[in-house]
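Here's the structure, in structure tokens; my notes come after.
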Amino acid sequence: MTDHVAAREALAAAMQKRFGGASPGELQFAQSVALSESDYGEGWAKVQPNCADSLNLGAIHAPHDDPPECGPRSCFGFDTNPQGQRYDTCFRTYENLTEAWEDFIRILYVGGAKGGQFDRRPVRMAARAGDIEGAVYAMHRSKYFGLAPDKYLASVRRSQASIARALNEPIVSRTAGGIVRSGTGVLGLGILVIGMGAIAITAGRKAR
């Protein structure tokens with residue numbers, strides 16, 4: 001069962017450890033991505049049983065493993081590229097959710113070298129400002145996903161609305177006049193199905 005409260009607590013602890021804290025926008029956006037990508041790691045069992053116990057929140061690859069011979073800290077699975085073609089890959093596995101959330105925010109909000117093609121610091125900056133669209137497009141530019149950005153954005157917004165309702169908090173969004181916290185509401189949860197053509201994992205998730 002999806003537990004938004006537990007997910008927020010674990011995410012907030014990881015953000016505190018990594019960055020010394022987080023804005024409402026950073027928390028809500030990261031949680032929305034994790035919900036859309038993997039249902040907080042619980043979605044694997046439905047589509048890729050090999051990774052059911054991976055605790056992988058963001059369909060993060062294990063870049064140094066060679067499928068199908070995945071290492072002890074990874075599981076064998078499949079993903080799709082931006083052209084919709086399926087390929088074998090290894091996904092990271094985690095010993096506990098604390099480790100999983102810490103790695104997830106590192107991949108999402110830091111990525112690779114500053115200024116490089118996998119630099120995701122702009123994702124965090126946009127999320128902090130409540131610019132959800134800007135954050136999603138920054139993810140796409142830094143090769144976090146290959147899906148059309150507008151489709152990914154729609155899924156993140158649906159997840160954001162579900163989280164806001166569950167936690168009884170406003171949806172953090174930005175207009176031309178600055179950040180606006182709108183009323184909450186259910187838009188319907190649209191999970192991106194792992195490895196079934198909805199997500200296209202690229203080399204960007206391999207960035208250290």
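Ordered as shown in the structure tokens, chains take letters A, B, and onward, while each chain numbers its residues from 1 and ligands are numbered from 1 in the order shown.
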
Inset, instruction - Return as an NGL selection string the full set of residues in chain A whose backbone-based DSSP assignment is alpha helix (DSSP H). - result: :A and (4-19 or 24-38 or 44-47 or 97-109 or 121-128 or 132-141 or 149-167)

Inset, instruction - Extract, using only C-alpha atoms, all DNA, RNA and protein residues at most 9 Å from Leu11 (chain A), discarding same-chain residues fewer than 6 positions from it, and format them as a count of residues only. - result: 7

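Nearest to Val123 (chain A) of all the residues A:Leu57, A:Cys75, A:Val136, A:Ile107 is A:Val136, based on only C-alpha atoms.
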
Skip region 87-97 of chain A itself and residues of its chain fewer than 6 positions away, then list as a short mmCIF file (atom, residue, chain, number, x, y, z; two decimals) with C-alpha atoms, in the first residue's frame all residues within 10 Å of it, counting only C-alpha atoms.
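As a result, around_9.cif now contains:
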data_model
loop_
_atom_site.label_atom_id
_atom_site.label_comp_id
_atom_site.auth_asym_id
_atom_site.auth_seq_id
_atom_site.Cartn_x
_atom_site.Cartn_y
_atom_site.Cartn_z
CA ALA A 7 7.91 8.39 1.93
CA ALA A 10 12.38 9.28 4.50
CA LEU A 11 12.83 11.84 1.73
CA ALA A 14 17.75 12.20 3.03
CA TYR A 40 8.03 4.38 -4.05
CA GLY A 41 9.77 1.17 -5.12
CA ASN A 50 13.27 -9.84 -10.52
CA CYS A 51 13.54 -6.37 -9.00
CA ALA A 52 10.57 -6.62 -6.63
CA ASP A 53 12.81 -6.27 -3.57
CA SER A 54 15.21 -3.74 -5.08
CA LEU A 55 13.84 -0.67 -3.24
CA ASN A 56 14.85 1.21 -6.40
CA LEU A 57 12.86 4.46 -6.36
CA GLY A 58 13.78 5.90 -9.73
CA ALA A 59 14.52 3.00 -12.09
CA ILE A 60 18.22 3.75 -11.53
CA HIS A 61 20.62 1.64 -13.52
CA ALA A 62 23.68 -0.19 -12.24
CA PRO A 63 26.02 1.13 -14.96
CA HIS A 64 29.00 -1.11 -14.32
CA ASP A 65 27.11 -4.39 -14.51
CA ASP A 66 26.74 -6.38 -17.72
CA PRO A 67 23.28 -7.91 -18.17
CA PRO A 68 22.17 -10.59 -17.78
CA GLU A 69 25.07 -11.14 -15.36
CA CYS A 70 24.07 -8.50 -12.83
CA GLY A 71 26.11 -8.06 -9.69
CA PRO A 72 25.12 -8.65 -6.04
CA ARG A 73 23.83 -5.07 -5.69
CA SER A 74 21.68 -5.09 -8.80
CA CYS A 75 18.85 -6.99 -10.47
CA PHE A 76 18.31 -8.02 -14.08
CA GLY A 77 15.51 -6.29 -15.94
CA PHE A 78 14.62 -4.41 -19.07
CA ASP A 79 13.94 -0.87 -20.13
CA THR A 80 13.07 1.02 -23.30
CA ASN A 81 14.94 3.70 -25.19
CA ASP A 103 20.91 7.69 -3.81
CA GLY A 195 10.37 -0.89 -18.36
CA ILE A 201 16.27 5.27 -19.05
#

Using only C-alpha atoms, find each residue of region 39-142 of chain A with at least one atom at most 8 Å away from an atom of region 159-174 of chain A; report its shortest atom-to-atom pair and that distance in Å (one decimal), sort the rows by chain and rising residue number, and return the result as JSON lines.
{"residue": "A:Ala129", "atom": "CA", "partner": "A:Arg174", "partner_atom": "CA", "distance": 7.1}
{"residue": "A:Gly130", "atom": "CA", "partner": "A:Ser173", "partner_atom": "CA", "distance": 4.6}
{"residue": "A:Asp131", "atom": "CA", "partner": "A:Arg174", "partner_atom": "CA", "distance": 5.3}
{"residue": "A:Ile132", "atom": "CA", "partner": "A:Ser173", "partner_atom": "CA", "distance": 6.6}

Inset, instruction - Per DSSP on the backbone, filter chain A down to the residues in strand (DSSP E or B) and report them as a list in words. - result: His61, Asp66, Glu69, Ser74, Cys75, Phe76, Gly77, Phe78, Asp79, Thr80, Arg86, Tyr87, Asp88, Thr89, Cys90, Phe91, Arg92, Gly111, Asp119, Ile171, Val172, Ser173, Arg174, Thr175, Gly178, Ile179, Val180, Arg181 and Ser182 of chain A

Using N, CA and C atoms, can you export the residues from the last selection as a PDB file, in the first residue's frame?
ATOM      1  N   HIS A  61      19.800   2.718 -12.985  1.00  0.00           N
ATOM      2  CA  HIS A  61      20.624   1.641 -13.524  1.00  0.00           C
ATOM      3  C   HIS A  61      21.864   1.387 -12.676  1.00  0.00           C
ATOM      4  N   ASP A  66      26.922  -5.968 -16.328  1.00  0.00           N
ATOM      5  CA  ASP A  66      26.742  -6.378 -17.719  1.00  0.00           C
ATOM      6  C   ASP A  66      25.616  -7.406 -17.794  1.00  0.00           C
ATOM      7  N   GLU A  69      24.262 -10.814 -16.547  1.00  0.00           N
ATOM      8  CA  GLU A  69      25.066 -11.137 -15.361  1.00  0.00           C
ATOM      9  C   GLU A  69      25.152  -9.910 -14.453  1.00  0.00           C
ATOM     10  N   SER A  74      22.537  -5.479  -7.684  1.00  0.00           N
ATOM     11  CA  SER A  74      21.679  -5.092  -8.805  1.00  0.00           C
ATOM     12  C   SER A  74      20.778  -6.259  -9.187  1.00  0.00           C
ATOM     13  N   CYS A  75      19.769  -5.963 -10.008  1.00  0.00           N
ATOM     14  CA  CYS A  75      18.845  -6.994 -10.472  1.00  0.00           C
ATOM     15  C   CYS A  75      18.672  -6.867 -11.980  1.00  0.00           C
ATOM     16  N   PHE A  76      18.454  -7.994 -12.628  1.00  0.00           N
ATOM     17  CA  PHE A  76      18.309  -8.021 -14.080  1.00  0.00           C
ATOM     18  C   PHE A  76      16.896  -7.626 -14.474  1.00  0.00           C
ATOM     19  N   GLY A  77      16.815  -6.720 -15.449  1.00  0.00           N
ATOM     20  CA  GLY A  77      15.514  -6.285 -15.935  1.00  0.00           C
ATOM     21  C   GLY A  77      15.607  -5.747 -17.345  1.00  0.00           C
ATOM     22  N   PHE A  78      14.633  -4.987 -17.731  1.00  0.00           N
ATOM     23  CA  PHE A  78      14.625  -4.411 -19.073  1.00  0.00           C
ATOM     24  C   PHE A  78      14.084  -2.997 -19.015  1.00  0.00           C
ATOM     25  N   ASP A  79      14.434  -2.239 -20.021  1.00  0.00           N
ATOM     26  CA  ASP A  79      13.943  -0.869 -20.133  1.00  0.00           C
ATOM     27  C   ASP A  79      13.706  -0.578 -21.605  1.00  0.00           C
ATOM     28  N   THR A  80      13.288   0.629 -21.915  1.00  0.00           N
ATOM     29  CA  THR A  80      13.074   1.019 -23.300  1.00  0.00           C
ATOM     30  C   THR A  80      13.799   2.324 -23.582  1.00  0.00           C
ATOM     31  N   ARG A  86      13.041  -2.094 -26.655  1.00  0.00           N
ATOM     32  CA  ARG A  86      13.360  -2.717 -25.369  1.00  0.00           C
ATOM     33  C   ARG A  86      14.806  -3.198 -25.353  1.00  0.00           C
ATOM     34  N   TYR A  87      15.457  -3.054 -24.208  1.00  0.00           N
ATOM     35  CA  TYR A  87      16.822  -3.570 -24.045  1.00  0.00           C
ATOM     36  C   TYR A  87      17.010  -4.073 -22.620  1.00  0.00           C
ATOM     37  N   ASP A  88      17.930  -5.032 -22.461  1.00  0.00           N
ATOM     38  CA  ASP A  88      18.229  -5.579 -21.146  1.00  0.00           C
ATOM     39  C   ASP A  88      19.133  -4.627 -20.375  1.00  0.00           C
ATOM     40  N   THR A  89      18.966  -4.609 -19.080  1.00  0.00           N
ATOM     41  CA  THR A  89      19.812  -3.765 -18.248  1.00  0.00           C
ATOM     42  C   THR A  89      19.822  -4.309 -16.828  1.00  0.00           C
ATOM     43  N   CYS A  90      20.658  -3.728 -15.996  1.00  0.00           N
ATOM     44  CA  CYS A  90      20.695  -4.062 -14.579  1.00  0.00           C
ATOM     45  C   CYS A  90      20.280  -2.821 -13.788  1.00  0.00           C
ATOM     46  N   PHE A  91      19.412  -3.005 -12.823  1.00  0.00           N
ATOM     47  CA  PHE A  91      18.970  -1.922 -11.969  1.00  0.00           C
ATOM     48  C   PHE A  91      19.610  -2.060 -10.590  1.00  0.00           C
ATOM     49  N   ARG A  92      19.892  -0.940  -9.976  1.00  0.00           N
ATOM     50  CA  ARG A  92      20.484  -0.963  -8.646  1.00  0.00           C
ATOM     51  C   ARG A  92      19.505  -1.504  -7.616  1.00  0.00           C
ATOM     52  N   GLY A 111      23.374  14.555  -9.917  1.00  0.00           N
ATOM     53  CA  GLY A 111      23.761  13.964 -11.190  1.00  0.00           C
ATOM     54  C   GLY A 111      25.262  13.937 -11.377  1.00  0.00           C
ATOM     55  N   ASP A 119      24.510  17.004 -15.496  1.00  0.00           N
ATOM     56  CA  ASP A 119      24.380  17.884 -14.337  1.00  0.00           C
ATOM     57  C   ASP A 119      22.903  18.130 -14.054  1.00  0.00           C
ATOM     58  N   ILE A 171      -0.475  22.218  -3.323  1.00  0.00           N
ATOM     59  CA  ILE A 171       0.378  21.909  -4.467  1.00  0.00           C
ATOM     60  C   ILE A 171       1.297  23.100  -4.706  1.00  0.00           C
ATOM     61  N   VAL A 172       2.579  22.855  -4.737  1.00  0.00           N
ATOM     62  CA  VAL A 172       3.548  23.926  -4.962  1.00  0.00           C
ATOM     63  C   VAL A 172       3.718  24.122  -6.466  1.00  0.00           C
ATOM     64  N   SER A 173       3.403  25.312  -6.923  1.00  0.00           N
ATOM     65  CA  SER A 173       3.547  25.609  -8.344  1.00  0.00           C
ATOM     66  C   SER A 173       3.928  27.067  -8.502  1.00  0.00           C
ATOM     67  N   ARG A 174       4.389  27.420  -9.675  1.00  0.00           N
ATOM     68  CA  ARG A 174       4.849  28.779  -9.920  1.00  0.00           C
ATOM     69  C   ARG A 174       4.130  29.393 -11.100  1.00  0.00           C
ATOM     70  N   THR A 175       3.794  30.677 -10.958  1.00  0.00           N
ATOM     71  CA  THR A 175       3.251  31.442 -12.077  1.00  0.00           C
ATOM     72  C   THR A 175       4.209  32.590 -12.358  1.00  0.00           C
ATOM     73  N   GLY A 178       5.417  34.496  -9.359  1.00  0.00           N
ATOM     74  CA  GLY A 178       6.162  33.841  -8.293  1.00  0.00           C
ATOM     75  C   GLY A 178       5.537  32.513  -7.935  1.00  0.00           C
ATOM     76  N   ILE A 179       5.823  32.030  -6.738  1.00  0.00           N
ATOM     77  CA  ILE A 179       5.305  30.745  -6.318  1.00  0.00           C
ATOM     78  C   ILE A 179       3.882  30.890  -5.823  1.00  0.00           C
ATOM     79  N   VAL A 180       3.026  30.030  -6.291  1.00  0.00           N
ATOM     80  CA  VAL A 180       1.641  30.010  -5.851  1.00  0.00           C
ATOM     81  C   VAL A 180       1.337  28.615  -5.319  1.00  0.00           C
ATOM     82  N   ARG A 181       0.814  28.528  -4.129  1.00  0.00           N
ATOM     83  CA  ARG A 181       0.419  27.243  -3.576  1.00  0.00           C
ATOM     84  C   ARG A 181      -1.075  27.096  -3.767  1.00  0.00           C
ATOM     85  N   SER A 182      -1.425  26.281  -4.708  1.00  0.00           N
ATOM     86  CA  SER A 182      -2.830  26.144  -5.058  1.00  0.00           C
ATOM     87  C   SER A 182      -3.517  25.153  -4.152  1.00  0.00           C
TER      88      SER A 182
END

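Each of A:Ala34, A:Ala13, A:Ala22, A:Ala6 was compared to Ser155 (chain A) using only C-alpha atoms, and A:Ala34 turns out to be the nearest.
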